[in-house]
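J.: protein-v5.pdb is the file, holding PDB, C-alpha atoms and all ligand atoms:
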```pdb
ATOM      1  CA  MET A 852     -64.873  12.628 -19.680
ATOM      2  CA  HIS A 853     -64.280  14.930 -16.789
ATOM      3  CA  LYS A 854     -63.843  13.164 -13.455
ATOM      4  CA  LEU A 855     -64.199  14.103  -9.811
ATOM      5  CA  PRO A 856     -60.721  14.828  -8.423
ATOM      6  CA  ASP A 857     -59.681  13.162  -5.173
ATOM      7  CA  LEU A 858     -59.170  15.271  -2.086
ATOM      8  CA  ASN A 859     -55.708  15.374  -0.522
ATOM      9  CA  TYR A 860     -57.237  15.000   2.946
ATOM     10  CA  PRO A 861     -60.127  13.081   4.506
ATOM     11  CA  TYR A 862     -63.614  14.619   4.680
ATOM     12  CA  ASP A 863     -63.136  15.351   8.370
ATOM     13  CA  GLY A 864     -59.663  16.804   7.752
ATOM     14  CA  LEU A 865     -60.827  20.411   7.914
ATOM     15  CA  GLU A 866     -62.745  20.045  11.188
ATOM     16  CA  PRO A 867     -63.729  22.048  13.138
ATOM     17  CA  TYR A 868     -63.547  24.837  10.539
ATOM     18  CA  ILE A 869     -65.408  23.041   7.774
ATOM     19  CA  ASP A 870     -67.411  20.034   8.927
ATOM     20  CA  GLU A 871     -67.201  16.518   7.581
ATOM     21  CA  GLU A 872     -70.791  16.260   6.351
ATOM     22  CA  THR A 873     -70.566  19.500   4.386
ATOM     23  CA  MET A 874     -67.307  18.351   2.805
ATOM     24  CA  ARG A 875     -68.722  14.963   1.840
ATOM     25  CA  ILE A 876     -71.928  16.346   0.302
ATOM     26  CA  HIS A 877     -70.114  19.228  -1.342
ATOM     27  CA  HIS A 878     -67.574  16.937  -2.997
ATOM     28  CA  THR A 879     -69.619  13.830  -3.846
ATOM     29  CA  LYS A 880     -72.935  15.525  -4.689
ATOM     30  CA  HIS A 881     -72.491  19.161  -5.674
ATOM     31  CA  HIS A 882     -69.173  18.868  -7.471
ATOM     32  CA  GLN A 883     -70.119  15.531  -9.041
ATOM     33  CA  THR A 884     -73.312  17.088 -10.430
ATOM     34  CA  TYR A 885     -71.373  19.886 -12.140
ATOM     35  CA  ILE A 886     -69.143  17.262 -13.731
ATOM     36  CA  ASP A 887     -72.071  15.095 -14.864
ATOM     37  CA  LYS A 888     -73.804  18.071 -16.449
ATOM     38  CA  LEU A 889     -70.602  19.278 -18.093
ATOM     39  CA  ASN A 890     -70.020  15.831 -19.602
ATOM     40  CA  LEU A 891     -73.618  15.757 -20.781
ATOM     41  CA  ALA A 892     -73.271  19.161 -22.442
ATOM     42  CA  LEU A 893     -70.124  18.012 -24.266
ATOM     43  CA  GLU A 894     -71.667  14.725 -25.433
ATOM     44  CA  GLN A 895     -72.386  16.033 -28.927
ATOM     45  CA  TYR A 896     -68.982  17.728 -29.234
ATOM     46  CA  PRO A 897     -66.250  15.072 -29.291
ATOM     47  CA  GLU A 898     -63.638  17.659 -30.320
ATOM     48  CA  LEU A 899     -64.261  19.583 -27.095
ATOM     49  CA  GLN A 900     -64.279  16.570 -24.776
ATOM     50  CA  SER A 901     -60.516  16.251 -24.616
ATOM     51  CA  LYS A 902     -60.007  19.923 -23.821
ATOM     52  CA  ASP A 903     -59.047  20.961 -20.340
ATOM     53  CA  VAL A 904     -61.881  22.699 -18.510
ATOM     54  CA  ARG A 905     -59.552  25.695 -18.081
ATOM     55  CA  ASP A 906     -59.315  26.103 -21.856
ATOM     56  CA  LEU A 907     -63.070  25.825 -22.236
ATOM     57  CA  LEU A 908     -63.615  28.601 -19.684
ATOM     58  CA  ILE A 909     -60.900  30.887 -21.059
ATOM     59  CA  ASN A 910     -62.416  30.527 -24.531
ATOM     60  CA  LEU A 911     -66.052  30.529 -23.468
ATOM     61  CA  ASP A 912     -67.027  33.026 -26.154
ATOM     62  CA  ASN A 913     -65.805  30.734 -28.918
ATOM     63  CA  LEU A 914     -67.932  27.767 -27.854
ATOM     64  CA  PRO A 915     -71.040  26.716 -29.768
ATOM     65  CA  ALA A 916     -73.947  28.884 -28.592
ATOM     66  CA  GLU A 917     -76.053  25.939 -27.442
ATOM     67  CA  ILE A 918     -73.519  24.757 -24.852
ATOM     68  CA  LYS A 919     -72.033  28.081 -23.744
ATOM     69  CA  THR A 920     -74.320  28.476 -20.735
ATOM     70  CA  ALA A 921     -73.891  24.857 -19.654
ATOM     71  CA  VAL A 922     -70.089  25.117 -19.829
ATOM     72  CA  ARG A 923     -70.148  28.448 -18.034
ATOM     73  CA  ASN A 924     -72.244  27.006 -15.189
ATOM     74  CA  HIS A 925     -71.097  23.401 -14.941
ATOM     75  CA  GLY A 926     -67.595  23.763 -16.352
ATOM     76  CA  GLY A 927     -67.203  26.736 -14.051
ATOM     77  CA  GLY A 928     -68.529  24.674 -11.156
ATOM     78  CA  HIS A 929     -66.069  21.892 -11.951
ATOM     79  CA  PHE A 930     -63.055  24.183 -12.250
ATOM     80  CA  ASN A 931     -63.920  26.375  -9.256
ATOM     81  CA  HIS A 932     -64.435  23.402  -6.947
ATOM     82  CA  SER A 933     -61.293  21.628  -8.159
ATOM     83  CA  LEU A 934     -59.292  24.724  -7.254
ATOM     84  CA  TRP A 935     -61.160  25.062  -3.968
ATOM     85  CA  TRP A 936     -60.299  21.535  -2.744
ATOM     86  CA  MET A 937     -56.686  22.088  -3.669
ATOM     87  CA  ILE A 938     -56.187  25.365  -1.828
ATOM     88  CA  LEU A 939     -57.683  23.947   1.374
ATOM     89  CA  ALA A 940     -55.670  21.980   3.906
ATOM     90  CA  PRO A 941     -55.969  20.764   7.452
ATOM     91  CA  ALA A 942     -55.160  23.580   9.864
ATOM     92  CA  GLY A 943     -51.476  24.114  10.260
ATOM     93  CA  GLU A 944     -50.460  24.933   6.698
ATOM     94  CA  SER A 945     -48.931  28.261   7.480
ATOM     95  CA  TYR A 946     -48.501  31.526   5.731
ATOM     96  CA  SER A 947     -44.834  32.334   5.281
ATOM     97  CA  ASN A 948     -43.510  35.817   4.738
ATOM     98  CA  ASP A 949     -40.857  34.273   2.495
ATOM     99  CA  PHE A 950     -43.390  33.266  -0.154
ATOM    100  CA  ASN A 951     -43.529  35.333  -3.328
ATOM    101  CA  ILE A 952     -47.304  35.507  -2.894
ATOM    102  CA  SER A 953     -46.803  36.988   0.583
ATOM    103  CA  LYS A 954     -44.491  39.659  -0.791
ATOM    104  CA  ALA A 955     -47.025  40.453  -3.511
ATOM    105  CA  ILE A 956     -49.834  40.649  -0.924
ATOM    106  CA  THR A 957     -47.790  43.060   1.177
ATOM    107  CA  GLU A 958     -46.968  45.150  -1.875
ATOM    108  CA  GLN A 959     -50.559  45.276  -3.106
ATOM    109  CA  PHE A 960     -52.516  45.562   0.147
ATOM    110  CA  GLY A 961     -50.042  46.940   2.684
ATOM    111  CA  ASP A 962     -50.055  43.888   4.915
ATOM    112  CA  PHE A 963     -51.705  40.519   5.346
ATOM    113  CA  ASN A 964     -54.410  41.767   7.701
ATOM    114  CA  GLU A 965     -55.457  44.455   5.276
ATOM    115  CA  PHE A 966     -55.685  41.847   2.522
ATOM    116  CA  LYS A 967     -57.743  39.604   4.782
ATOM    117  CA  ASN A 968     -60.082  42.458   5.739
ATOM    118  CA  GLN A 969     -60.669  43.397   2.127
ATOM    119  CA  PHE A 970     -61.170  39.771   1.101
ATOM    120  CA  VAL A 971     -63.613  39.024   3.919
ATOM    121  CA  ASN A 972     -65.472  42.244   3.258
ATOM    122  CA  LYS A 973     -65.822  41.472  -0.441
ATOM    123  CA  ALA A 974     -67.010  37.929   0.320
ATOM    124  CA  SER A 975     -69.540  39.178   2.851
ATOM    125  CA  LEU A 976     -71.077  41.410   0.174
ATOM    126  CA  VAL A 977     -71.759  38.647  -2.355
ATOM    127  CA  PHE A 978     -75.523  38.667  -2.726
ATOM    128  CA  GLY A 979     -76.979  35.254  -3.469
ATOM    129  CA  SER A 980     -74.625  32.549  -4.706
ATOM    130  CA  GLY A 981     -71.096  33.147  -5.843
ATOM    131  CA  TRP A 982     -67.413  33.222  -5.060
ATOM    132  CA  THR A 983     -64.792  35.716  -3.959
ATOM    133  CA  TRP A 984     -61.304  35.372  -5.385
ATOM    134  CA  LEU A 985     -57.756  36.537  -5.092
ATOM    135  CA  VAL A 986     -56.671  36.771  -8.730
ATOM    136  CA  VAL A 987     -53.733  37.860 -10.841
ATOM    137  CA  ASN A 988     -54.904  40.365 -13.450
ATOM    138  CA  LYS A 989     -53.495  41.050 -16.905
ATOM    139  CA  GLU A 990     -50.924  43.459 -15.437
ATOM    140  CA  LYS A 991     -49.796  40.599 -13.165
ATOM    141  CA  LYS A 992     -51.105  42.477 -10.136
ATOM    142  CA  LEU A 993     -53.175  40.937  -7.379
ATOM    143  CA  GLU A 994     -56.837  41.843  -7.179
ATOM    144  CA  ILE A 995     -59.839  40.723  -5.127
ATOM    145  CA  VAL A 996     -62.947  40.072  -7.201
ATOM    146  CA  SER A 997     -66.304  38.381  -6.756
ATOM    147  CA  THR A 998     -68.189  36.341  -9.336
ATOM    148  CA  THR A 999     -71.803  35.228  -9.340
ATOM    149  CA  ASN A1000     -73.081  31.666  -9.606
ATOM    150  CA  GLN A1001     -70.243  29.499 -10.974
ATOM    151  CA  ASP A1002     -68.700  32.089 -13.263
ATOM    152  CA  SER A1003     -64.962  31.619 -13.328
ATOM    153  CA  PRO A1004     -62.476  34.509 -13.247
ATOM    154  CA  LEU A1005     -60.758  32.686 -16.138
ATOM    155  CA  SER A1006     -63.552  33.799 -18.468
ATOM    156  CA  SER A1007     -62.699  37.439 -17.648
ATOM    157  CA  GLY A1008     -58.987  37.004 -18.319
ATOM    158  CA  LEU A1009     -58.134  36.711 -14.621
ATOM    159  CA  GLU A1010     -56.120  33.894 -13.053
ATOM    160  CA  PRO A1011     -57.639  32.745  -9.752
ATOM    161  CA  LEU A1012     -55.145  31.875  -7.015
ATOM    162  CA  LEU A1013     -57.469  31.448  -4.110
ATOM    163  CA  GLY A1014     -61.230  31.512  -3.807
ATOM    164  CA  ILE A1015     -63.981  31.050  -1.297
ATOM    165  CA  ASP A1016     -67.260  29.388  -2.130
ATOM    166  CA  VAL A1017     -70.025  31.497  -0.586
ATOM    167  CA  TRP A1018     -72.917  29.419  -1.886
ATOM    168  CA  GLU A1019     -74.959  28.385   1.145
ATOM    169  CA  HIS A1020     -74.243  24.707   0.377
ATOM    170  CA  ALA A1021     -70.610  25.433   1.336
ATOM    171  CA  TYR A1022     -71.395  26.396   4.914
ATOM    172  CA  TYR A1023     -75.090  26.204   5.841
ATOM    173  CA  LEU A1024     -75.051  22.914   7.794
ATOM    174  CA  LYS A1025     -72.538  24.241  10.287
ATOM    175  CA  TYR A1026     -72.848  28.007  10.097
ATOM    176  CA  GLN A1027     -76.451  28.574   8.910
ATOM    177  CA  ASN A1028     -76.753  32.330   8.318
ATOM    178  CA  ARG A1029     -73.414  33.157   9.981
ATOM    179  CA  ARG A1030     -71.373  33.759   6.867
ATOM    180  CA  PRO A1031     -68.853  35.987   8.714
ATOM    181  CA  ASP A1032     -67.914  33.055  10.991
ATOM    182  CA  TYR A1033     -67.422  30.830   7.958
ATOM    183  CA  LEU A1034     -65.239  33.457   6.260
ATOM    184  CA  GLU A1035     -63.091  33.709   9.369
ATOM    185  CA  ALA A1036     -62.828  29.909   9.625
ATOM    186  CA  PHE A1037     -61.740  29.677   5.980
ATOM    187  CA  PHE A1038     -58.539  31.539   6.808
ATOM    188  CA  SER A1039     -57.563  28.709   9.163
ATOM    189  CA  VAL A1040     -57.634  26.079   6.428
ATOM    190  CA  ILE A1041     -55.913  27.753   3.482
ATOM    191  CA  ASN A1042     -53.093  25.777   1.898
ATOM    192  CA  TRP A1043     -50.670  28.644   1.318
ATOM    193  CA  SER A1044     -48.025  26.384  -0.237
ATOM    194  CA  LYS A1045     -50.478  25.595  -3.030
ATOM    195  CA  VAL A1046     -51.389  29.260  -3.453
ATOM    196  CA  GLU A1047     -47.680  30.043  -3.684
ATOM    197  CA  GLU A1048     -47.236  27.291  -6.269
ATOM    198  CA  GLY A1049     -50.034  28.694  -8.406
ATOM    199  CA  TYR A1050     -48.735  32.230  -8.086
ATOM    200  CA  ASN A1051     -45.206  31.282  -9.137
ATOM    201  CA  LYS A1052     -46.543  29.435 -12.160
ATOM    202  CA  ILE A1053     -48.510  32.488 -13.296
ATOM    203  CA  ILE A1054     -45.818  35.123 -12.778
ATOM    204  CA  ASN A1055     -43.208  32.967 -14.513
ATOM    205  CA  GLN A1056     -45.358  32.450 -17.604
TER     206      GLN A1056
HETATM  207 MN   MN3 B   1     -69.824  24.768  -3.920
END
```
Translate the structure described by the file into structure tokens.
T.:
Amino acid sequence: MHKLPDLNYPYDGLEPYIDEETMRIHHTKHHQTYIDKLNLALEQYPELQSKDVRDLLINLDNLPAEIKTAVRNHGGGHFNHSLWWMILAPAGESYSNDFNISKAITEQFGDFNEFKNQFVNKASLVFGSGWTWLVVNKEKKLEIVSTTNQDSPLSSGLEPLLGIDVWEHAYYLKYQNRRPDYLEAFFSVINWSKVEEGYNKIINQ
């Protein structure tokens, strides 16, 4: 059985960038629903129930046809949100130029601001519901990609380091139609230590 992960901060911990009510609903309702529907889809497949959601998404094409879509949507929703909570932190978690991820960002994009511009631009272009990600590709290079709905970069052979949820449920209560303001606010609550941790794990594999 997949379970809702705890947050490492209170629901109001990301104020004023991401509001308490959005965080509470997003975590206890939206994320919980993905988990419930994933568990339901796996009910008839005991051999798949013990598998990590990561493995299910990486091997999506090998799953039984009748649960592939459910795992893609709800397994994706579970994995994407679990990563999302983890890479967020109360304001103050700073970006350090000493991080390996920072060096890689500079190498790939020129500098941090150029990375941020490209990331925000990509996220502003997501039409409908989806996510924008900073990923490590098969050549171990950084890339910015968007996915629709709850598709996970894992299913395309990409390792997500950092993502932003641009479904309206992630920001509508506070920002309504002002997605650019939400994208800007997101950069104030990124947990760069966690991103660094994830990056080091991937490049040392
Ligand atoms: Mn969401």
J.: Would you kindly translate the PyMOL selection byres (((not hetatm)) within 12 of (chain B and resi 1)) into the concrete residues it picks from this file, as a ChimeraX atom specification?
T.: /A:873-885,924-925,927-936,980-982,999-1002,1014-1023
J.: Considering only C-alpha atoms, state which residue in the set A:Leu891, A:Ala921, A:Asn1042, A:Ser945 is at the smallest distance from Leu908 in chain A.
T.: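 Residue with the minimum atom-to-atom distance to Leu908 in chain A: A:Ala921.
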J.: On this file, the PyMOL selection byres (((chain A and resi 857-871) around 8) and not hetatm) gives some set of residues; write that set as a PDB file with C-alpha atoms, in the coordinates of the input.
T.:
```pdb
ATOM      1  CA  LEU A 855     -64.199  14.103  -9.811  1.00  0.00           C
ATOM      2  CA  PRO A 856     -60.721  14.828  -8.423  1.00  0.00           C
ATOM      3  CA  GLU A 872     -70.791  16.260   6.351  1.00  0.00           C
ATOM      4  CA  THR A 873     -70.566  19.500   4.386  1.00  0.00           C
ATOM      5  CA  MET A 874     -67.307  18.351   2.805  1.00  0.00           C
ATOM      6  CA  ARG A 875     -68.722  14.963   1.840  1.00  0.00           C
ATOM      7  CA  TRP A 936     -60.299  21.535  -2.744  1.00  0.00           C
ATOM      8  CA  MET A 937     -56.686  22.088  -3.669  1.00  0.00           C
ATOM      9  CA  ALA A 940     -55.670  21.980   3.906  1.00  0.00           C
ATOM     10  CA  PRO A 941     -55.969  20.764   7.452  1.00  0.00           C
ATOM     11  CA  ALA A 942     -55.160  23.580   9.864  1.00  0.00           C
ATOM     12  CA  TYR A1022     -71.395  26.396   4.914  1.00  0.00           C
ATOM     13  CA  LYS A1025     -72.538  24.241  10.287  1.00  0.00           C
ATOM     14  CA  TYR A1033     -67.422  30.830   7.958  1.00  0.00           C
ATOM     15  CA  ALA A1036     -62.828  29.909   9.625  1.00  0.00           C
ATOM     16  CA  PHE A1037     -61.740  29.677   5.980  1.00  0.00           C
ATOM     17  CA  SER A1039     -57.563  28.709   9.163  1.00  0.00           C
ATOM     18  CA  VAL A1040     -57.634  26.079   6.428  1.00  0.00           C
TER      19      VAL A1040
END
```
J.: Name the residues in contact with Leu893 in chain A at a cut-off of 9 Å, using only C-alpha atoms, excluding same-chain residues fewer than 4 positions from it; report them as a list of chain:residue names.
T.: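 Within the cut-off, the hits are A:Met852, A:Lys888, A:Leu889, A:Pro897, A:Glu898, A:Leu899, A:Gln900, A:Ile918, A:Val922.
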J.: As AutoDock Vina command-line options, what would the box around range 875-888 of chain A look like: edges along x, y and z, 3 Å added on every side, centre and edge lengths in Å to one decimal?
T.:
```
--center_x -70.7 --center_y 16.9 --center_z -7.3 --size_x 12.2 --size_y 12.1 --size_z 24.3
```
J.: The PyMOL selection byres (((chain A and resi 1011) around 7) and not hetatm) - which residues does that actually catch in the file I just gave you? List them as a CSV table (one decimal) with C-alpha atoms, keeping the file's coordinate frame.
T.:
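Just written: out.csv:
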```csv
chain,number,residue,atom,x,y,z
A,984,TRP,CA,-61.3,35.4,-5.4
A,985,LEU,CA,-57.8,36.5,-5.1
A,986,VAL,CA,-56.7,36.8,-8.7
A,987,VAL,CA,-53.7,37.9,-10.8
A,1004,PRO,CA,-62.5,34.5,-13.2
A,1009,LEU,CA,-58.1,36.7,-14.6
A,1010,GLU,CA,-56.1,33.9,-13.1
A,1012,LEU,CA,-55.1,31.9,-7.0
A,1013,LEU,CA,-57.5,31.4,-4.1
```
J.: For CA of Glu1048 in chain A and CA of Arg923 in chain A, determine how far apart the two atoms are, in Å to one decimal place.
T.: 25.8 Å
